Amino acid sequence: MGKINRFRSIKQNMTTYMMAVILLMTILTVYTLGILDRYKDQIQNMFERHIQLSEIQQLVTDMDADLLGFLSSKSSTRLNRFNINKARLEEQMVDWPEEIYNTEDMMLKNIHHLLEEYLLHAEEAISAKRMRNVGKYFAAYETSDRIRGMVVGYVDSLNRIQLGRNSKTYLDLVEQIRLLQNITYSITATAVLLSLLIVYLITSGMVNPLTHLSHAAEEIARGNFDTEDIRVESEDELHILADAFNNMKNSIGRYIVQIKEKAETEAQLKDQQLKNLKMEHLLDNARLYALQSQINPHFLFNTINAGVQMSIMERADRTGAFLESMARLFRYNIQKMDSVCTLQEEVDNIRDYHDLLKVRFGDLIRFDFDIDPKSLEAQVPPLILQPLVENAYIHGLSGLEEGGTIIVRTRREGEDTLVTVEDTGKGMDPESIREVMEKNGKEPSGSGHGIGMRNVRDRLELFYHAKDVFFMENLQEGGLSITIRIPSGGIWNGGGTDDQTDDRG
Amino acid sequence: MRKRIIVGVAVFLSLVLLVSLGAGLHLSNRISQAGGESFWDSREKAEHHVLVLLDDENQAYGEEFFQGLEAAAAEYRVAVEVMQLDGGNYEAEAVSALERALFAKVDGVLLHGIRVESVVDKVALLQEEGIPVVTLLEDMPESRRAAHVGVNRYSVGQAAGESLVRSMEGVGKVAVIEQKSQGSRSEAENPLLLGLRDVLRENPQIGLSLVKYSDKGVLGAETAAAEIFRENPEINGIFCTDGQTTLGVVQFLVDRNLVGGVSLVGFGNDQEILEYIEKGRIVDAAIRTDYSAIGWNAVLAYYEQKTDPKTYNYYTTEIQVVDGENIQAQIREMEDANGENQ
């Protein structure tokens, strides 16, 4: 409510300012007119009485001449003129001041009474003339003439007094008017300056907010929404406009942030989809690889099974056991390509692989299984250990005359499960390790074992949606150690189904 | 900061505007009030209008007289219109002025007295018309004037006689020189001469030889003195009844080398007369009175007669003899009085 009360429209402000300027100009005008009026009154006072007294003196002189003319010739024309002048004189004597404050009042009072006496004696002379009383009208005329002389004397004296007073007053007036002129200059200059100040306030009060608005609009046009809010102190339409502008700017800013967040979410979603596609691609590659390799495995698998039957018929038990291990290895490779398996299955597969290598190399390649039974339930992508063991065998131990040991170790560490494949071979050069571990590194070069390791690492990361699941390092005592960290609850949810397994065995 | 500067400038300009407007209005008020003179500082209106008719040759109506007159006028709110009539044509001018007072319907008249019929008749006419006339210095009892203000002339005569007896050391002949305007009554009726004779009667070796009526002014006095000494060379004491006559006789005595041989008793408060007394030998003594009191009493007499005609109508002022014994005190007193007036 208070805000409503404080609100003053531009129209009201303009009106107020204009009224202030008009008031100033009015004061100046009224003041000037008032001063001029007083000056005029003073000038009038100085000469008004003088003019009146001169008229009276002239009237009395004319009346005396007409009276004498009438008394001499009994001329009705002279009498009429006397009466006309008498009426004029009586008109002049209306509202004659009776109160005495100074010498001039005193003399005016004397003149007034003398004029009354003059008229009285003049009328007496006229009456006596009409009654043909010569002595009386002569005496009356003589008296009136003496009174006329007294009037003239008083008028002259009064004129002299007024002339002296007016001379002094005039000099004072000139001095005071000079001073008044300077004061009026000062008033005019001050009023003009105040008016200019008011005009400045009006224009700056309107233009400054508009300038701020235009600058802010330019910033927004450049895409910068982080400008400060425009503050307009006046409670008028500009204040409302600034508020609306600020609200609009802030709303657009918030909207843009929302759009950015939405775009980022969509980008993340697309990235996720891309990852999924990539994983599917990897799986497809693996599947292709498997299919390509299944040409021979199926043929070989059937052949091996025929060999198993033949070895049973020929009672060659060791050969039969060897071929049976080989058959299981092939079957696992073919069946588990795009499904989820347990760590138990992976370890069993490695055991079959061990059996095959044992037949080939005897005790030259040794396996040491350090298996924690609690860890075997962990879900893992298929065929992640076999590439690691193949790598240890092919690149770690195969070149050594004395052979070596491949250690497969599983254990629980907190909620996670660690799977380690170590060998006692010659290790791996750091450049190759770096190429495998770098996320965006170039594709590993060389004989291809790096590609298999990289494939295992990528599949693990995609499977668990985590980065820190695959580690490899050269051991100080020689050999290479590869560790897989299986996070707790790290279950792959995007994999294929068992139905997709092409079970041909 | 900018807002403060603007507010400061606006306040300053407003103050300048207000002060300038105030100064301008004050000045314009002064302009509009210019010329509005008044008799008195209180700017009150006068309750009475009195015409004062004076003899312009009489030294009694000097500065002191007008001081008393104006003070009383202010006290009783009386507007005084002073007309200095020509002393050489006083009678005619007094008659004309009294007629003017009648036609102008003034409230009262203060008239320097002159005992001539024409003036007496006019005074009587004014009294009949209800305009009270107060006579000054010279009484006009036959005119039925409302009141008289002056000195007790009998006392003046006595004081002059006593001073002459002292200065003439009890032996000699005395002459009196009086202005003609005041000598209209017979010597037997002149209270001044009566007072003088009464004193001289007690000193038989001093006699009043003659009374000379002179024309007004110093020259008239010198002429009168010359006639006296030409016709009565035994005269060794002179009494002058006014200041101008006194100064005229002083000039005659100096010119004729009679200083020290003739005792001179003058009249009036003239500074020159006091200086002669201070120097000694020329003027032996002077009878002086308080003319300021005469001026005051003139207005007072009018006011009382106007408001209550039954009151006492004879207002006298004390006289004082100034001689060699008290001249210094008199001079100091006059200087003090002048200092206060300034």
# chains A, B, ... in the order shown; residues from 1 in each chain; ligands from 1

call {"tool": "select_by_dssp", "arguments": {"residues": "region 3-244 of chain B", "states": "strand (DSSP E)", "output": "VMD selection string"}}
result
chain B and resid 48 to 55 78 to 85 108 to 112 133 to 136 147 to 151 172 to 179 206 to 214 235 to 240

call {"tool": "closest_atom_pairs", "arguments": {"of": "chain A", "to": "chain B", "cutoff": "8 Å", "atoms": "only C-alpha atoms", "output": "CSV"}}
result
residue,atom,partner,partner_atom,distance
A:Tyr31,CA,B:Leu21,CA,7.8
A:Ile35,CA,B:Ser28,CA,6.2
A:Arg38,CA,B:Ser32,CA,5.8
A:Tyr39,CA,B:Ser32,CA,7.1
A:Asp41,CA,B:Ser32,CA,7.3
A:Gln42,CA,B:Ser32,CA,5.8
A:Glu99,CA,B:Lys45,CA,6.7
A:Ile100,CA,B:Ala46,CA,5.4
A:Tyr101,CA,B:Lys45,CA,4.7
A:Asn102,CA,B:Ser38,CA,4.7
A:Thr103,CA,B:Phe39,CA,7.5
A:Met106,CA,B:His49,CA,7.5
A:Lys109,CA,B:Ala104,CA,7.7
A:Asn110,CA,B:Ala104,CA,4.8
A:Ile111,CA,B:Ala104,CA,7.1
A:His112,CA,B:Ala104,CA,7.8
A:His113,CA,B:Ala104,CA,5.0
A:Leu114,CA,B:Ala104,CA,5.2
A:Glu117,CA,B:Phe103,CA,6.1
A:Ile147,CA,B:Arg100,CA,7.6
A:Met150,CA,B:Arg100,CA,7.2
A:Arg165,CA,B:Gly35,CA,7.1
A:Asn166,CA,B:Gly35,CA,7.8
A:Thr169,CA,B:Gly35,CA,6.6
A:Leu173,CA,B:Ile31,CA,6.5
A:Gln176,CA,B:Leu27,CA,7.0
A:Leu180,CA,B:Gly24,CA,6.0
A:Ile183,CA,B:Ser20,CA,5.9
A:Thr184,CA,B:Gly24,CA,7.2
A:Ser186,CA,B:Ser20,CA,6.9
A:Ile187,CA,B:Leu17,CA,5.6
A:Thr190,CA,B:Leu17,CA,5.9
A:Ala191,CA,B:Leu17,CA,7.0
A:Leu193,CA,B:Leu13,CA,7.6
A:Leu194,CA,B:Leu13,CA,6.6
A:Leu197,CA,B:Ala10,CA,7.5

call {"tool": "select_by_dssp", "arguments": {"residues": "region 113-243 of chain B", "states": "alpha helix (DSSP H)", "output": "PDB file with N, CA and C atoms, in the first residue's frame"}}
result
ATOM      1  N   GLU B 117      -5.338  98.053  19.416  1.00  0.00           N
ATOM      2  CA  GLU B 117      -6.779  97.816  19.351  1.00  0.00           C
ATOM      3  C   GLU B 117      -7.161  96.774  18.298  1.00  0.00           C
ATOM      4  N   SER B 118      -6.533  96.926  17.129  1.00  0.00           N
ATOM      5  CA  SER B 118      -6.911  96.015  16.038  1.00  0.00           C
ATOM      6  C   SER B 118      -6.651  94.559  16.419  1.00  0.00           C
ATOM      7  N   VAL B 119      -5.536  94.346  17.077  1.00  0.00           N
ATOM      8  CA  VAL B 119      -5.186  92.972  17.464  1.00  0.00           C
ATOM      9  C   VAL B 119      -6.078  92.524  18.608  1.00  0.00           C
ATOM     10  N   VAL B 120      -6.287  93.435  19.531  1.00  0.00           N
ATOM     11  CA  VAL B 120      -7.156  93.092  20.668  1.00  0.00           C
ATOM     12  C   VAL B 120      -8.545  92.688  20.170  1.00  0.00           C
ATOM     13  N   ASP B 121      -9.061  93.421  19.196  1.00  0.00           N
ATOM     14  CA  ASP B 121     -10.388  93.112  18.670  1.00  0.00           C
ATOM     15  C   ASP B 121     -10.414  91.736  18.008  1.00  0.00           C
ATOM     16  N   LYS B 122      -9.344  91.426  17.269  1.00  0.00           N
ATOM     17  CA  LYS B 122      -9.293  90.125  16.591  1.00  0.00           C
ATOM     18  C   LYS B 122      -9.222  88.992  17.614  1.00  0.00           C
ATOM     19  N   VAL B 123      -8.432  89.228  18.662  1.00  0.00           N
ATOM     20  CA  VAL B 123      -8.329  88.203  19.712  1.00  0.00           C
ATOM     21  C   VAL B 123      -9.697  87.993  20.346  1.00  0.00           C
ATOM     22  N   ALA B 124     -10.385  89.090  20.587  1.00  0.00           N
ATOM     23  CA  ALA B 124     -11.719  88.993  21.186  1.00  0.00           C
ATOM     24  C   ALA B 124     -12.658  88.220  20.263  1.00  0.00           C
ATOM     25  N   LEU B 125     -12.543  88.484  18.936  1.00  0.00           N
ATOM     26  CA  LEU B 125     -13.398  87.797  17.966  1.00  0.00           C
ATOM     27  C   LEU B 125     -13.117  86.275  17.979  1.00  0.00           C
ATOM     28  N   LEU B 126     -11.847  85.936  18.009  1.00  0.00           N
ATOM     29  CA  LEU B 126     -11.492  84.508  18.046  1.00  0.00           C
ATOM     30  C   LEU B 126     -12.027  83.858  19.313  1.00  0.00           C
ATOM     31  N   GLN B 127     -11.902  84.559  20.397  1.00  0.00           N
ATOM     32  CA  GLN B 127     -12.426  84.016  21.658  1.00  0.00           C
ATOM     33  C   GLN B 127     -13.937  83.772  21.539  1.00  0.00           C
ATOM     34  N   GLU B 128     -14.611  84.725  20.891  1.00  0.00           N
ATOM     35  CA  GLU B 128     -16.064  84.561  20.714  1.00  0.00           C
ATOM     36  C   GLU B 128     -16.382  83.360  19.822  1.00  0.00           C
ATOM     37  N   ARG B 153       6.601  90.940  35.068  1.00  0.00           N
ATOM     38  CA  ARG B 153       7.361  92.156  34.723  1.00  0.00           C
ATOM     39  C   ARG B 153       7.617  93.025  35.952  1.00  0.00           C
ATOM     40  N   TYR B 154       6.774  92.992  36.915  1.00  0.00           N
ATOM     41  CA  TYR B 154       7.031  93.743  38.150  1.00  0.00           C
ATOM     42  C   TYR B 154       8.293  93.213  38.821  1.00  0.00           C
ATOM     43  N   SER B 155       8.416  91.865  38.855  1.00  0.00           N
ATOM     44  CA  SER B 155       9.613  91.261  39.451  1.00  0.00           C
ATOM     45  C   SER B 155      10.853  91.606  38.650  1.00  0.00           C
ATOM     46  N   VAL B 156      10.668  91.671  37.315  1.00  0.00           N
ATOM     47  CA  VAL B 156      11.804  92.049  36.466  1.00  0.00           C
ATOM     48  C   VAL B 156      12.263  93.457  36.833  1.00  0.00           C
ATOM     49  N   GLY B 157      11.303  94.329  36.990  1.00  0.00           N
ATOM     50  CA  GLY B 157      11.637  95.710  37.357  1.00  0.00           C
ATOM     51  C   GLY B 157      12.352  95.755  38.706  1.00  0.00           C
ATOM     52  N   GLN B 158      11.872  94.986  39.639  1.00  0.00           N
ATOM     53  CA  GLN B 158      12.515  94.973  40.959  1.00  0.00           C
ATOM     54  C   GLN B 158      13.949  94.455  40.866  1.00  0.00           C
ATOM     55  N   ALA B 159      14.103  93.341  40.137  1.00  0.00           N
ATOM     56  CA  ALA B 159      15.447  92.765  40.027  1.00  0.00           C
ATOM     57  C   ALA B 159      16.400  93.725  39.340  1.00  0.00           C
ATOM     58  N   ALA B 160      15.898  94.394  38.297  1.00  0.00           N
ATOM     59  CA  ALA B 160      16.747  95.355  37.586  1.00  0.00           C
ATOM     60  C   ALA B 160      17.134  96.502  38.516  1.00  0.00           C
ATOM     61  N   GLY B 161      16.171  96.986  39.301  1.00  0.00           N
ATOM     62  CA  GLY B 161      16.451  98.079  40.231  1.00  0.00           C
ATOM     63  C   GLY B 161      17.508  97.693  41.244  1.00  0.00           C
ATOM     64  N   GLU B 162      17.376  96.501  41.770  1.00  0.00           N
ATOM     65  CA  GLU B 162      18.348  96.056  42.779  1.00  0.00           C
ATOM     66  C   GLU B 162      19.751  95.962  42.180  1.00  0.00           C
ATOM     67  N   SER B 163      19.813  95.450  40.941  1.00  0.00           N
ATOM     68  CA  SER B 163      21.122  95.331  40.284  1.00  0.00           C
ATOM     69  C   SER B 163      21.733  96.698  40.026  1.00  0.00           C
ATOM     70  N   LEU B 164      20.892  97.668  39.634  1.00  0.00           N
ATOM     71  CA  LEU B 164      21.404  99.018  39.371  1.00  0.00           C
ATOM     72  C   LEU B 164      21.904  99.663  40.657  1.00  0.00           C
ATOM     73  N   VAL B 165      21.171  99.479  41.749  1.00  0.00           N
ATOM     74  CA  VAL B 165      21.586 100.058  43.025  1.00  0.00           C
ATOM     75  C   VAL B 165      22.956  99.522  43.420  1.00  0.00           C
ATOM     76  N   ARG B 166      23.138  98.188  43.183  1.00  0.00           N
ATOM     77  CA  ARG B 166      24.442  97.602  43.552  1.00  0.00           C
ATOM     78  C   ARG B 166      25.554  98.144  42.651  1.00  0.00           C
ATOM     79  N   SER B 167      25.297  98.204  41.373  1.00  0.00           N
ATOM     80  CA  SER B 167      26.375  98.609  40.456  1.00  0.00           C
ATOM     81  C   SER B 167      26.646 100.112  40.497  1.00  0.00           C
ATOM     82  N   PRO B 191       3.972  97.414  34.828  1.00  0.00           N
ATOM     83  CA  PRO B 191       4.430  96.749  36.054  1.00  0.00           C
ATOM     84  C   PRO B 191       5.943  96.735  36.173  1.00  0.00           C
ATOM     85  N   LEU B 192       6.629  96.686  35.010  1.00  0.00           N
ATOM     86  CA  LEU B 192       8.098  96.679  35.066  1.00  0.00           C
ATOM     87  C   LEU B 192       8.598  97.965  35.699  1.00  0.00           C
ATOM     88  N   LEU B 193       8.061  99.091  35.282  1.00  0.00           N
ATOM     89  CA  LEU B 193       8.484 100.380  35.839  1.00  0.00           C
ATOM     90  C   LEU B 193       8.041 100.518  37.287  1.00  0.00           C
ATOM     91  N   LEU B 194       6.861  99.915  37.568  1.00  0.00           N
ATOM     92  CA  LEU B 194       6.399  99.974  38.952  1.00  0.00           C
ATOM     93  C   LEU B 194       7.374  99.245  39.874  1.00  0.00           C
ATOM     94  N   GLY B 195       7.801  98.123  39.448  1.00  0.00           N
ATOM     95  CA  GLY B 195       8.760  97.360  40.263  1.00  0.00           C
ATOM     96  C   GLY B 195      10.065  98.111  40.434  1.00  0.00           C
ATOM     97  N   LEU B 196      10.531  98.721  39.327  1.00  0.00           N
ATOM     98  CA  LEU B 196      11.782  99.472  39.388  1.00  0.00           C
ATOM     99  C   LEU B 196      11.659 100.665  40.331  1.00  0.00           C
ATOM    100  N   ARG B 197      10.571 101.368  40.200  1.00  0.00           N
ATOM    101  CA  ARG B 197      10.367 102.562  41.054  1.00  0.00           C
ATOM    102  C   ARG B 197      10.298 102.168  42.528  1.00  0.00           C
ATOM    103  N   ASP B 198       9.620 101.057  42.773  1.00  0.00           N
ATOM    104  CA  ASP B 198       9.505 100.634  44.165  1.00  0.00           C
ATOM    105  C   ASP B 198      10.879 100.389  44.793  1.00  0.00           C
ATOM    106  N   VAL B 199      11.807  99.831  44.020  1.00  0.00           N
ATOM    107  CA  VAL B 199      13.155  99.591  44.557  1.00  0.00           C
ATOM    108  C   VAL B 199      13.905 100.912  44.728  1.00  0.00           C
ATOM    109  N   LEU B 200      13.805 101.752  43.705  1.00  0.00           N
ATOM    110  CA  LEU B 200      14.544 103.017  43.761  1.00  0.00           C
ATOM    111  C   LEU B 200      14.009 103.938  44.857  1.00  0.00           C
ATOM    112  N   ARG B 201      12.727 103.764  45.169  1.00  0.00           N
ATOM    113  CA  ARG B 201      12.129 104.586  46.226  1.00  0.00           C
ATOM    114  C   ARG B 201      12.862 104.339  47.544  1.00  0.00           C
ATOM    115  N   GLY B 217      15.537  96.502  17.351  1.00  0.00           N
ATOM    116  CA  GLY B 217      16.837  96.228  16.787  1.00  0.00           C
ATOM    117  C   GLY B 217      17.944  97.023  17.458  1.00  0.00           C
ATOM    118  N   VAL B 218      19.153  96.632  17.088  1.00  0.00           N
ATOM    119  CA  VAL B 218      20.361  97.223  17.675  1.00  0.00           C
ATOM    120  C   VAL B 218      20.477  98.700  17.316  1.00  0.00           C
ATOM    121  N   LEU B 219      20.177  99.008  16.058  1.00  0.00           N
ATOM    122  CA  LEU B 219      20.300 100.399  15.626  1.00  0.00           C
ATOM    123  C   LEU B 219      19.335 101.314  16.376  1.00  0.00           C
ATOM    124  N   GLY B 220      18.117 100.792  16.592  1.00  0.00           N
ATOM    125  CA  GLY B 220      17.130 101.571  17.339  1.00  0.00           C
ATOM    126  C   GLY B 220      17.612 101.837  18.747  1.00  0.00           C
ATOM    127  N   ALA B 221      18.287 100.868  19.365  1.00  0.00           N
ATOM    128  CA  ALA B 221      18.791 101.019  20.728  1.00  0.00           C
ATOM    129  C   ALA B 221      19.914 102.037  20.774  1.00  0.00           C
ATOM    130  N   GLU B 222      20.800 101.950  19.773  1.00  0.00           N
ATOM    131  CA  GLU B 222      21.914 102.901  19.735  1.00  0.00           C
ATOM    132  C   GLU B 222      21.393 104.325  19.578  1.00  0.00           C
ATOM    133  N   THR B 223      20.409 104.473  18.726  1.00  0.00           N
ATOM    134  CA  THR B 223      19.815 105.810  18.517  1.00  0.00           C
ATOM    135  C   THR B 223      19.202 106.337  19.811  1.00  0.00           C
ATOM    136  N   ALA B 224      18.476 105.431  20.490  1.00  0.00           N
ATOM    137  CA  ALA B 224      17.826 105.825  21.737  1.00  0.00           C
ATOM    138  C   ALA B 224      18.874 106.231  22.778  1.00  0.00           C
ATOM    139  N   ALA B 225      19.976 105.431  22.859  1.00  0.00           N
ATOM    140  CA  ALA B 225      21.028 105.717  23.841  1.00  0.00           C
ATOM    141  C   ALA B 225      21.682 107.070  23.546  1.00  0.00           C
ATOM    142  N   ALA B 226      21.889 107.313  22.277  1.00  0.00           N
ATOM    143  CA  ALA B 226      22.518 108.568  21.895  1.00  0.00           C
ATOM    144  C   ALA B 226      21.647 109.759  22.317  1.00  0.00           C
ATOM    145  N   GLU B 227      20.355 109.599  22.085  1.00  0.00           N
ATOM    146  CA  GLU B 227      19.427 110.676  22.477  1.00  0.00           C
ATOM    147  C   GLU B 227      19.451 110.880  23.988  1.00  0.00           C
ATOM    148  N   ILE B 228      19.486 109.775  24.724  1.00  0.00           N
ATOM    149  CA  ILE B 228      19.469 109.874  26.189  1.00  0.00           C
ATOM    150  C   ILE B 228      20.687 110.652  26.679  1.00  0.00           C
ATOM    151  N   PHE B 229      21.865 110.264  26.194  1.00  0.00           N
ATOM    152  CA  PHE B 229      23.080 110.915  26.712  1.00  0.00           C
ATOM    153  C   PHE B 229      23.246 112.344  26.168  1.00  0.00           C
ATOM    154  N   ARG B 230      22.636 112.597  24.989  1.00  0.00           N
ATOM    155  CA  ARG B 230      22.695 113.966  24.485  1.00  0.00           C
ATOM    156  C   ARG B 230      21.814 114.877  25.337  1.00  0.00           C
ATOM    157  N   GLU B 231      20.657 114.330  25.713  1.00  0.00           N
ATOM    158  CA  GLU B 231      19.716 115.162  26.464  1.00  0.00           C
ATOM    159  C   GLU B 231      19.944 115.077  27.977  1.00  0.00           C
ATOM    160  N   GLY B 243      17.040  91.940  24.878  1.00  0.00           N
ATOM    161  CA  GLY B 243      18.407  91.616  24.530  1.00  0.00           C
ATOM    162  C   GLY B 243      18.980  92.483  23.447  1.00  0.00           C
TER     163      GLY B 243
END

call {"tool": "atom_distance", "arguments": {"atom1": "CA of Leu71 (chain A)", "atom2": "CA of Ile126 (chain A)"}}
result
7.1 Å

call {"tool": "residues_around", "arguments": {"residues": "region 213-217 of chain A", "least_positions_apart": "3", "cutoff": "8 Å", "atoms": "only C-alpha atoms", "output": "list in words"}}
result
Pro209, Leu210, Ile220, Ala221, Thr227, Ile230, Ala242 and Phe245 of chain A

call {"tool": "write_last_selection", "arguments": {"atoms": "C-alpha atoms", "output": "short mmCIF file (atom, residue, chain, number, x, y, z; two decimals), in the first residue's frame"}}
result
data_model
loop_
_atom_site.label_atom_id
_atom_site.label_comp_id
_atom_site.auth_asym_id
_atom_site.auth_seq_id
_atom_site.Cartn_x
_atom_site.Cartn_y
_atom_site.Cartn_z
CA PRO A 209 17.46 5.31 -16.25
CA LEU A 210 16.88 5.11 -20.00
CA ILE A 220 22.00 -8.58 -23.32
CA ALA A 221 22.14 -8.27 -27.10
CA THR A 227 24.75 -7.63 -15.76
CA ILE A 230 19.14 -1.59 -13.06
CA ALA A 242 13.37 -1.06 -14.94
CA PHE A 245 13.39 -5.20 -17.63
#

call {"tool": "residues_around", "arguments": {"residues": "Leu253 (chain B)", "least_positions_apart": "5", "cutoff": "8 Å", "atoms": "only C-alpha atoms", "output": "count of residues only"}}
result
4

call {"tool": "atom_distance", "arguments": {"atom1": "CA of Asn313 (chain B)", "atom2": "CA of Trp296 (chain B)"}}
result
14.4 Å
